[in-house]
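Visitor: Pasting query.cif below, which is mmCIF, C-alpha atoms.
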```
data_target
loop_
_atom_site.label_atom_id
_atom_site.label_comp_id
_atom_site.auth_asym_id
_atom_site.auth_seq_id
_atom_site.Cartn_x
_atom_site.Cartn_y
_atom_site.Cartn_z
CA ASP A 7 0.00 0.00 0.00
CA THR A 8 1.71 3.13 -1.21
CA GLY A 9 -0.94 5.55 0.02
CA VAL A 10 -2.68 8.21 -2.07
CA SER A 11 -0.50 9.67 -4.82
CA GLN A 12 -1.00 13.03 -6.48
CA ASP A 13 0.75 14.35 -9.54
CA PRO A 14 2.20 16.87 -10.06
CA ARG A 15 3.24 18.19 -6.65
CA HIS A 16 3.56 21.71 -7.99
CA LYS A 17 2.16 23.42 -11.07
CA ILE A 18 2.74 26.97 -12.22
CA THR A 19 0.58 28.10 -15.10
CA LYS A 20 -0.35 31.28 -16.85
CA ARG A 21 -3.81 32.70 -16.46
CA GLY A 22 -6.14 31.32 -19.11
CA GLN A 23 -4.34 28.02 -19.54
CA ASN A 24 -5.88 24.63 -18.79
CA VAL A 25 -4.39 22.33 -16.15
CA THR A 26 -5.04 18.73 -15.18
CA PHE A 27 -4.17 16.99 -11.94
CA ARG A 28 -4.11 13.28 -11.25
CA CYS A 29 -4.90 11.32 -8.11
CA ASP A 30 -4.20 7.62 -7.56
CA PRO A 31 -6.10 6.37 -4.49
CA ILE A 32 -5.37 3.38 -2.32
CA SER A 33 -6.22 0.45 -4.53
CA GLU A 34 -8.98 -1.08 -2.41
CA HIS A 35 -10.67 2.26 -1.68
CA ASN A 36 -13.78 2.82 -3.77
CA ARG A 37 -14.49 6.42 -2.71
CA LEU A 38 -12.34 9.31 -3.88
CA TYR A 39 -12.62 12.96 -2.85
CA TRP A 40 -11.23 16.25 -4.11
CA TYR A 41 -10.71 19.26 -1.85
CA ARG A 42 -9.30 22.73 -2.38
CA GLN A 43 -7.30 24.52 0.29
CA THR A 44 -6.35 28.18 0.06
CA LEU A 45 -3.74 29.81 2.24
CA GLY A 46 -4.74 29.97 5.87
CA GLN A 47 -7.98 28.07 5.37
CA GLY A 48 -9.23 24.57 5.93
CA PRO A 49 -9.81 22.26 2.98
CA GLU A 50 -13.10 22.80 1.13
CA PHE A 51 -14.94 19.92 -0.48
CA LEU A 52 -15.17 19.97 -4.27
CA THR A 53 -16.51 16.59 -5.40
CA TYR A 54 -16.42 12.88 -4.73
CA PHE A 55 -16.80 9.56 -6.50
CA GLN A 56 -17.87 6.08 -5.63
CA ASN A 57 -16.11 3.89 -8.14
CA GLU A 58 -16.66 5.72 -11.45
CA ALA A 59 -19.87 7.50 -10.39
CA GLN A 60 -19.63 11.14 -9.35
CA LEU A 61 -21.93 11.31 -6.31
CA GLU A 62 -21.79 14.96 -5.36
CA LYS A 63 -20.39 18.27 -6.56
CA SER A 64 -19.96 21.36 -4.45
CA ARG A 65 -21.21 24.72 -5.65
CA LEU A 66 -17.54 25.68 -5.48
CA LEU A 67 -17.02 23.50 -8.54
CA SER A 68 -17.72 26.02 -11.29
CA ASP A 69 -18.26 25.01 -14.90
CA ARG A 70 -14.54 25.53 -15.50
CA PHE A 71 -13.81 22.56 -13.26
CA SER A 72 -14.39 18.97 -14.26
CA ALA A 73 -13.46 15.74 -12.53
CA GLU A 74 -13.49 12.20 -13.81
CA ARG A 75 -12.78 8.74 -12.54
CA PRO A 76 -13.25 6.74 -15.73
CA LYS A 77 -12.44 3.23 -14.55
CA GLY A 78 -13.07 3.64 -10.87
CA SER A 79 -9.37 3.80 -10.12
CA PHE A 80 -7.40 7.02 -10.64
CA SER A 81 -9.11 10.38 -10.98
CA THR A 82 -8.34 13.60 -12.83
CA LEU A 83 -9.33 17.15 -11.99
CA GLU A 84 -9.19 19.62 -14.87
CA ILE A 85 -9.42 23.38 -14.58
CA GLN A 86 -10.08 25.24 -17.80
CA ARG A 87 -9.20 28.89 -18.39
CA THR A 88 -7.41 29.21 -15.08
CA GLU A 89 -7.80 32.37 -13.01
CA GLN A 90 -5.58 33.75 -10.27
CA GLY A 91 -8.25 32.82 -7.75
CA ASP A 92 -7.70 29.17 -8.63
CA SER A 93 -4.29 29.30 -6.95
CA ALA A 94 -4.53 26.81 -4.10
CA MET A 95 -3.54 23.40 -2.85
CA TYR A 96 -5.70 20.67 -4.38
CA LEU A 97 -5.99 17.66 -2.11
CA CYS A 98 -7.21 14.19 -2.96
CA ALA A 99 -8.38 11.61 -0.43
CA SER A 100 -9.77 8.12 -0.60
CA SER A 101 -11.81 5.89 1.66
CA SER A 102 -13.37 2.48 1.80
CA LEU A 103 -17.13 2.09 1.69
CA HIS A 104 -17.01 -0.32 4.58
CA ARG A 105 -14.47 1.25 6.90
CA ASP A 106 -14.31 4.61 8.59
CA GLY A 107 -11.55 6.99 7.73
CA TYR A 108 -9.85 8.83 4.93
CA THR A 109 -6.32 8.86 3.57
CA PHE A 110 -5.05 12.08 2.03
CA GLY A 111 -2.43 12.60 -0.62
CA SER A 112 0.29 15.23 -0.37
CA GLY A 113 -1.61 17.58 -2.66
CA THR A 114 -0.93 19.54 -5.83
CA ARG A 115 -0.05 23.17 -5.31
CA LEU A 116 -1.30 25.31 -8.21
CA THR A 117 0.01 28.81 -8.80
CA VAL A 118 -1.66 30.88 -11.52
CA VAL A 119 0.43 33.83 -12.67
CA ALA B 17 -25.86 20.75 7.21
CA GLN B 18 -22.73 20.22 9.22
CA SER B 19 -20.16 22.76 10.35
CA VAL B 20 -17.07 23.03 12.51
CA THR B 21 -15.78 25.98 14.48
CA GLN B 22 -12.21 26.02 15.73
CA LEU B 23 -11.70 28.62 18.42
CA GLY B 24 -8.38 30.40 18.05
CA SER B 25 -6.61 30.61 14.72
CA HIS B 26 -3.27 30.59 16.51
CA VAL B 27 -2.25 28.98 19.80
CA SER B 28 1.19 29.34 21.32
CA VAL B 29 2.47 27.14 24.15
CA SER B 30 5.80 26.53 25.84
CA GLU B 31 7.59 23.26 25.33
CA GLY B 32 6.35 20.81 27.97
CA ALA B 33 3.10 22.68 28.56
CA LEU B 34 -0.42 21.40 28.01
CA VAL B 35 -1.80 21.70 24.50
CA LEU B 36 -5.54 22.43 24.16
CA LEU B 37 -7.06 23.05 20.74
CA ARG B 38 -10.78 23.71 20.70
CA CYS B 39 -13.35 22.37 18.26
CA ASN B 40 -17.12 22.72 18.30
CA TYR B 41 -19.32 21.10 15.73
CA SER B 42 -22.86 21.31 14.45
CA SER B 43 -24.58 18.26 13.00
CA SER B 44 -28.16 17.12 12.54
CA VAL B 45 -27.08 13.48 12.70
CA PRO B 46 -24.67 11.67 15.02
CA PRO B 47 -21.31 12.94 13.85
CA TYR B 48 -18.07 11.31 12.93
CA LEU B 49 -15.29 13.62 14.12
CA PHE B 50 -11.66 13.82 13.11
CA TRP B 51 -8.51 15.73 13.95
CA TYR B 52 -5.84 16.12 11.27
CA VAL B 53 -2.39 17.69 11.39
CA GLN B 54 -0.74 19.41 8.44
CA TYR B 55 2.91 20.33 8.14
CA PRO B 56 3.95 23.00 5.61
CA ASN B 57 3.40 22.02 1.99
CA GLN B 58 2.18 18.59 2.95
CA GLY B 59 -1.12 16.75 2.99
CA LEU B 60 -3.21 15.91 6.02
CA GLN B 61 -2.27 13.26 8.54
CA LEU B 62 -4.93 11.70 10.74
CA LEU B 63 -4.33 12.20 14.46
CA LEU B 64 -7.49 10.53 15.75
CA LYS B 65 -11.15 9.93 15.02
CA TYR B 66 -14.42 9.51 16.88
CA THR B 67 -16.89 7.10 15.32
CA SER B 68 -19.53 6.63 18.04
CA ALA B 69 -17.54 4.26 20.18
CA ALA B 70 -15.60 5.44 23.24
CA THR B 71 -15.99 9.16 23.94
CA LEU B 72 -12.32 9.53 24.91
CA VAL B 73 -10.25 8.88 21.85
CA LYS B 74 -6.50 8.36 21.89
CA GLY B 75 -4.48 9.14 18.81
CA ILE B 76 -0.93 9.24 17.61
CA ASN B 77 1.93 11.27 19.07
CA GLY B 78 0.31 11.45 22.52
CA PHE B 79 -2.80 13.37 21.43
CA GLU B 80 -6.28 12.62 22.63
CA ALA B 81 -9.74 14.14 22.29
CA GLU B 82 -13.00 13.82 24.17
CA PHE B 83 -16.39 13.83 22.50
CA LYS B 84 -18.93 15.78 24.57
CA LYS B 85 -22.35 15.64 23.01
CA SER B 86 -23.91 18.06 25.50
CA GLU B 87 -21.33 20.68 24.61
CA THR B 88 -21.06 19.70 20.92
CA SER B 89 -17.31 19.73 21.40
CA PHE B 90 -14.35 17.60 20.42
CA HIS B 91 -11.32 19.37 21.89
CA LEU B 92 -7.80 18.07 21.22
CA THR B 93 -5.30 17.81 24.06
CA LYS B 94 -1.74 16.72 24.70
CA PRO B 95 -0.24 16.77 28.19
CA SER B 96 3.21 17.99 27.19
CA ALA B 97 4.02 19.90 24.01
CA HIS B 98 7.06 19.05 21.94
CA MET B 99 8.76 21.26 19.39
CA SER B 100 7.79 18.80 16.66
CA ASP B 101 4.09 19.44 17.41
CA ALA B 102 4.29 22.87 15.76
CA ALA B 103 1.94 22.59 12.79
CA GLU B 104 -1.58 23.40 11.56
CA TYR B 105 -4.40 21.37 13.11
CA PHE B 106 -7.79 20.82 11.56
CA CYS B 107 -10.98 19.49 13.10
CA ALA B 108 -13.47 17.91 10.70
CA VAL B 109 -16.91 16.33 10.77
CA SER B 110 -18.75 13.94 8.47
CA GLN B 111 -22.12 12.19 8.49
CA ALA B 112 -20.48 8.80 8.18
CA GLY B 113 -16.97 7.55 7.99
CA ASN B 114 -16.91 7.72 4.21
CA THR B 115 -18.88 10.81 3.19
CA PRO B 116 -17.31 14.21 2.48
CA LEU B 117 -15.59 15.91 5.39
CA VAL B 118 -16.40 19.44 6.50
CA PHE B 119 -13.34 21.12 7.95
CA GLY B 120 -12.79 23.95 10.37
CA LYS B 121 -10.50 26.81 9.42
CA GLY B 122 -7.63 25.36 11.37
CA THR B 123 -5.50 26.32 14.36
CA ARG B 124 -1.81 26.98 14.00
CA LEU B 125 0.12 25.64 16.97
CA SER B 126 3.44 27.23 17.85
CA VAL B 127 5.71 25.67 20.48
CA ILE B 128 8.20 27.95 22.23
CA ALA B 129 11.42 26.56 23.61
#
```
Let's see the structure in the file written out as structure tokens.
Guide:
Amino acid sequence: DTGVSQDPRHKITKRGQNVTFRCDPISEHNRLYWYRQTLGQGPEFLTYFQNEAQLEKSRLLSDRFSAERPKGSFSTLEIQRTEQGDSAMYLCASSSLHRDGYTFGSGTRLTVV
Amino acid sequence: AQSVTQLGSHVSVSEGALVLLRCNYSSSVPPYLFWYVQYPNQGLQLLLKYTSAATLVKGINGFEAEFKKSETSFHLTKPSAHMSDAAEYFCAVSQAGNTPLVFGKGTRLSVIA
């Protein structure tokens, strides 16, 4: 068990560009979550999946954001037409349907310049 | 809806002193409660969790928390602070052990030598 992996760890992009982040959960975990954390704040929920089904999306997830988990394993989070306000740490977590608790990845820090 | 309030955005203690980080929650259903620690530019590490079993929960690194339903609180304590405890601490609540977490804004703990 290698834990939850996120790639890349850091991303610097110019405003208006598209970016995509990847999350590989713990293999036996069927739920996967995305959170956004801005400086000095707690993580805010964006969306989550059970297997390949997206169960819930936060109102924070504007139409520029899209998340997928096509085969119920890894997930991608894409941000189109990035804005400076998108600069944040994007955290991924996974959990098992039958056990309590969540495992977080190390996050992807996005800087939009 | 669920929410978490962490009293004190910054707490400073002397090395060897008691650590007390406060967390109050709001939940319409019996809550699952968590404390996480975050070191700079890293993800979240679980310290401990309450999942409707014992009200006094012991976690890693000497931390513990007590669930008090009457006070809707889940305060985190450690008898003796160590320099390595300096970090950001987040309290979080969920409806079950595998539904999205709602986080507080965090408390930054400083430990003074």
Visitor: Per residue of chain B within 9 Å of chain A, what are the shortest atom pair and its distance in Å to one decimal, counting all atoms listed in the file, with rows by chain and residue number, as a tab-separated table?
Guide:
```
residue	atom	partner	partner_atom	distance
B:Tyr48	CA	A:Asp106	CA	8.8
B:Phe50	CA	A:Gly107	CA	8.7
B:Asn57	CA	A:Ser112	CA	7.8
B:Gln58	CA	A:Ser112	CA	5.1
B:Gly59	CA	A:Ser112	CA	3.9
B:Leu60	CA	A:Phe110	CA	5.8
B:Gln61	CA	A:Phe110	CA	7.2
B:Leu62	CA	A:Thr109	CA	7.8
B:Lys65	CA	A:Gly107	CA	7.9
B:Thr67	CA	A:Asp106	CA	7.6
B:Phe106	CA	A:Gly48	CA	6.9
B:Cys107	CA	A:Gly48	CA	9.0
B:Ala112	CA	A:Asp106	CA	7.5
B:Gly113	CA	A:Asp106	CA	4.0
B:Asn114	CA	A:Asp106	CA	6.0
B:Thr115	CA	A:Tyr54	CA	8.5
B:Pro116	CA	A:Phe51	CA	6.9
B:Leu117	CA	A:Phe51	CA	7.1
B:Val118	CA	A:Glu50	CA	7.1
B:Phe119	CA	A:Gly48	CA	5.7
B:Gly120	CA	A:Gly48	CA	5.7
B:Lys121	CA	A:Gly48	CA	4.3
B:Gly122	CA	A:Gly48	CA	5.7
```
Visitor: Spell out the residues picked by the PyMOL selection byres ((chain B and resi 24-26) around 8) here, as a list in words.
Guide: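 Applying the PyMOL selection byres ((chain B and resi 24-26) around 8) to the structure shown produces Gln22, Leu23, Val27, Ser28, Leu37, Arg38, Lys121, Gly122, Thr123, Arg124, Leu125 and Ser126 of chain B.
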Visitor: Find, counting all atoms listed in the file, the residue in B:Glu104, B:Tyr52, B:His91, B:Glu82 that gets nearest to B:Ser68.
Guide: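 The shortest atom-to-atom distance to B:Ser68 comes from B:Glu82.
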Visitor: Give the answer as one residue: which of B:Leu36, B:Ala103, B:Ala97, B:Val20 has the shortest atom-to-atom distance to B:Ala81, using all atoms listed in the file?
Guide: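 When distances to B:Ala81 are compared using all atoms listed in the file, the smallest one comes from B:Leu36.
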Visitor: Report, in Å to a single decimal, how far apart atom CA of A:Phe80 and atom CA of A:Ile32 are.
Guide: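 So the answer is 9.3 Å.
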Visitor: What lies within 6 Å of stretch 74-79 of chain B using all atoms listed in the file, ignoring chain neighbours under 2 positions off, as a PDB file with C-alpha atoms, in the frame of the given file?
Guide:
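Result written to around_29.pdb:
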```pdb
ATOM      1  CA  LEU B  63      -4.330  12.200  14.460  1.00  0.00           C
ATOM      2  CA  LEU B  64      -7.490  10.530  15.750  1.00  0.00           C
ATOM      3  CA  THR B  93      -5.300  17.810  24.060  1.00  0.00           C
ATOM      4  CA  LYS B  94      -1.740  16.720  24.700  1.00  0.00           C
TER       5      LYS B  94
END
```
Visitor: Please evaluate the PyMOL selection byres ((chain A and resi 27) around 9) against the displayed coordinates and give the resulting residues as a list in words.
Guide: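 For this structure, the PyMOL selection byres ((chain A and resi 27) around 9) resolves to Gln12, Asp13, Pro14, Val25, Thr26, Arg28, Cys29, Ser81, Thr82, Leu83, Glu84, Ile85, Tyr96 and Thr114 of chain A.
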Visitor: Those residues you just picked out, can you put them in a file as an mmCIF file, in the coordinates of the input with C-alpha atoms?
Guide:
```
data_model
loop_
_atom_site.group_PDB
_atom_site.id
_atom_site.type_symbol
_atom_site.label_atom_id
_atom_site.label_comp_id
_atom_site.auth_asym_id
_atom_site.auth_seq_id
_atom_site.Cartn_x
_atom_site.Cartn_y
_atom_site.Cartn_z
ATOM 1 C CA GLN A 12 -1.000 13.030 -6.480
ATOM 2 C CA ASP A 13 0.750 14.350 -9.540
ATOM 3 C CA PRO A 14 2.200 16.870 -10.060
ATOM 4 C CA VAL A 25 -4.390 22.330 -16.150
ATOM 5 C CA THR A 26 -5.040 18.730 -15.180
ATOM 6 C CA ARG A 28 -4.110 13.280 -11.250
ATOM 7 C CA CYS A 29 -4.900 11.320 -8.110
ATOM 8 C CA SER A 81 -9.110 10.380 -10.980
ATOM 9 C CA THR A 82 -8.340 13.600 -12.830
ATOM 10 C CA LEU A 83 -9.330 17.150 -11.990
ATOM 11 C CA GLU A 84 -9.190 19.620 -14.870
ATOM 12 C CA ILE A 85 -9.420 23.380 -14.580
ATOM 13 C CA TYR A 96 -5.700 20.670 -4.380
ATOM 14 C CA THR A 114 -0.930 19.540 -5.830
#
```
Visitor: With all atoms listed in the file as the basis for distance, which of B:Ser86, B:Gln54, B:Ser42, B:Thr71 is at the shortest distance from B:Val109?
Guide: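 Result for the nearest residue to B:Val109: B:Ser42.
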Visitor: Specify as a ChimeraX atom specification each residue included when the PyMOL selection byres ((chain B and resi 44) around 12) is applied to this file.
Guide: /B:17-19,41-43,45-48,88,109-111
Visitor: Can you measure atom CA of A:Asp30 to atom CA of A:Ser79 for me? One decimal in Å is fine.
Guide: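 Atom CA of A:Asp30 sits 6.9 Å away from atom CA of A:Ser79.
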Visitor: Mind listing as a VMD selection string all residues within 9 Å of (6.5, 28.4, -10.9), counting only C-alpha atoms?
Guide: chain A and resid 16 to 19 116 to 119
Visitor: In Å to one decimal, how far is atom CA of B:Asp101 from atom CA of B:Ser89?
Guide: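 Computing the Euclidean distance for atom CA of B:Ser89 and atom CA of B:Asp101 yields 21.8 Å.
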Visitor: Put a box with edges along x, y and z around all the listed atoms of stretch 110-115 of chain A, pad it by 6 Å on each side, then give me its centre and sizes in Å, one decimal, as JSON.
Guide:
```
{"center_x": -2.4, "center_y": 17.6, "center_z": -1.9, "size_x": 17.3, "size_y": 23.1, "size_z": 19.9}
```
Visitor: Could you add N, CA, C and O atoms to stretch 27-49 of chain A and give me the result as an mmCIF file, in the frame of the given file?
Guide:
```cif
data_model
loop_
_atom_site.group_PDB
_atom_site.id
_atom_site.type_symbol
_atom_site.label_atom_id
_atom_site.label_comp_id
_atom_site.auth_asym_id
_atom_site.auth_seq_id
_atom_site.Cartn_x
_atom_site.Cartn_y
_atom_site.Cartn_z
ATOM 1 N N PHE A 27 -4.846 17.657 -13.048
ATOM 2 C CA PHE A 27 -4.170 16.990 -11.940
ATOM 3 C C PHE A 27 -4.650 15.534 -11.874
ATOM 4 O O PHE A 27 -5.789 15.239 -12.207
ATOM 5 N N ARG A 28 -3.770 14.694 -11.369
ATOM 6 C CA ARG A 28 -4.110 13.280 -11.250
ATOM 7 C C ARG A 28 -4.021 12.824 -9.810
ATOM 8 O O ARG A 28 -3.146 13.274 -9.056
ATOM 9 N N CYS A 29 -4.919 11.918 -9.446
ATOM 10 C CA CYS A 29 -4.900 11.320 -8.110
ATOM 11 C C CYS A 29 -5.027 9.809 -8.251
ATOM 12 O O CYS A 29 -5.950 9.308 -8.911
ATOM 13 N N ASP A 30 -4.113 9.085 -7.629
ATOM 14 C CA ASP A 30 -4.200 7.620 -7.560
ATOM 15 C C ASP A 30 -4.513 7.237 -6.121
ATOM 16 O O ASP A 30 -3.682 7.418 -5.238
ATOM 17 N N PRO A 31 -5.705 6.702 -5.875
ATOM 18 C CA PRO A 31 -6.100 6.370 -4.490
ATOM 19 C C PRO A 31 -5.484 5.052 -4.047
ATOM 20 O O PRO A 31 -4.833 4.350 -4.829
ATOM 21 N N ILE A 32 -5.726 4.712 -2.807
ATOM 22 C CA ILE A 32 -5.370 3.380 -2.320
ATOM 23 C C ILE A 32 -6.212 2.379 -3.092
ATOM 24 O O ILE A 32 -7.420 2.577 -3.284
ATOM 25 N N SER A 33 -5.603 1.320 -3.539
ATOM 26 C CA SER A 33 -6.220 0.450 -4.530
ATOM 27 C C SER A 33 -7.572 -0.133 -4.095
ATOM 28 O O SER A 33 -8.494 -0.256 -4.896
ATOM 29 N N GLU A 34 -7.712 -0.465 -2.816
ATOM 30 C CA GLU A 34 -8.980 -1.080 -2.410
ATOM 31 C C GLU A 34 -10.044 -0.063 -1.988
ATOM 32 O O GLU A 34 -11.152 -0.438 -1.610
ATOM 33 N N HIS A 35 -9.713 1.220 -2.046
ATOM 34 C CA HIS A 35 -10.670 2.260 -1.680
ATOM 35 C C HIS A 35 -11.580 2.576 -2.863
ATOM 36 O O HIS A 35 -11.099 2.865 -3.965
ATOM 37 N N ASN A 36 -12.883 2.549 -2.661
ATOM 38 C CA ASN A 36 -13.780 2.820 -3.770
ATOM 39 C C ASN A 36 -14.335 4.245 -3.746
ATOM 40 O O ASN A 36 -15.015 4.655 -4.682
ATOM 41 N N ARG A 37 -14.051 5.018 -2.705
ATOM 42 C CA ARG A 37 -14.490 6.420 -2.710
ATOM 43 C C ARG A 37 -13.264 7.323 -2.819
ATOM 44 O O ARG A 37 -12.226 7.077 -2.190
ATOM 45 N N LEU A 38 -13.427 8.377 -3.618
ATOM 46 C CA LEU A 38 -12.340 9.310 -3.880
ATOM 47 C C LEU A 38 -12.898 10.721 -3.810
ATOM 48 O O LEU A 38 -13.960 11.012 -4.347
ATOM 49 N N TYR A 39 -12.157 11.601 -3.134
ATOM 50 C CA TYR A 39 -12.620 12.960 -2.850
ATOM 51 C C TYR A 39 -11.589 13.970 -3.341
ATOM 52 O O TYR A 39 -10.386 13.742 -3.255
ATOM 53 N N TRP A 40 -12.089 15.117 -3.790
ATOM 54 C CA TRP A 40 -11.230 16.250 -4.110
ATOM 55 C C TRP A 40 -11.594 17.422 -3.206
ATOM 56 O O TRP A 40 -12.781 17.725 -3.012
ATOM 57 N N TYR A 41 -10.546 18.076 -2.690
ATOM 58 C CA TYR A 41 -10.710 19.260 -1.850
ATOM 59 C C TYR A 41 -9.785 20.359 -2.370
ATOM 60 O O TYR A 41 -8.749 20.077 -2.983
ATOM 61 N N ARG A 42 -10.155 21.594 -2.076
ATOM 62 C CA ARG A 42 -9.300 22.730 -2.380
ATOM 63 C C ARG A 42 -8.985 23.460 -1.079
ATOM 64 O O ARG A 42 -9.876 23.675 -0.249
ATOM 65 N N GLN A 43 -7.718 23.822 -0.926
ATOM 66 C CA GLN A 43 -7.300 24.520 0.290
ATOM 67 C C GLN A 43 -6.527 25.777 -0.096
ATOM 68 O O GLN A 43 -5.478 25.695 -0.726
ATOM 69 N N THR A 44 -7.061 26.922 0.285
ATOM 70 C CA THR A 44 -6.350 28.180 0.060
ATOM 71 C C THR A 44 -5.578 28.537 1.321
ATOM 72 O O THR A 44 -5.823 27.996 2.405
ATOM 73 N N LEU A 45 -4.662 29.477 1.165
ATOM 74 C CA LEU A 45 -3.740 29.810 2.240
ATOM 75 C C LEU A 45 -4.469 30.241 3.502
ATOM 76 O O LEU A 45 -5.347 31.107 3.458
ATOM 77 N N GLY A 46 -4.146 29.589 4.597
ATOM 78 C CA GLY A 46 -4.740 29.970 5.870
ATOM 79 C C GLY A 46 -6.142 29.474 6.110
ATOM 80 O O GLY A 46 -6.788 29.870 7.092
ATOM 81 N N GLN A 47 -6.617 28.598 5.232
ATOM 82 C CA GLN A 47 -7.980 28.070 5.370
ATOM 83 C C GLN A 47 -7.972 26.562 5.475
ATOM 84 O O GLN A 47 -6.990 25.901 5.122
ATOM 85 N N GLY A 48 -9.079 26.014 5.934
ATOM 86 C CA GLY A 48 -9.230 24.570 5.930
ATOM 87 C C GLY A 48 -9.619 24.080 4.543
ATOM 88 O O GLY A 48 -10.084 24.855 3.707
ATOM 89 N N PRO A 49 -9.406 22.805 4.275
ATOM 90 C CA PRO A 49 -9.810 22.260 2.980
ATOM 91 C C PRO A 49 -11.312 22.404 2.750
ATOM 92 O O PRO A 49 -12.101 22.233 3.678
#
```
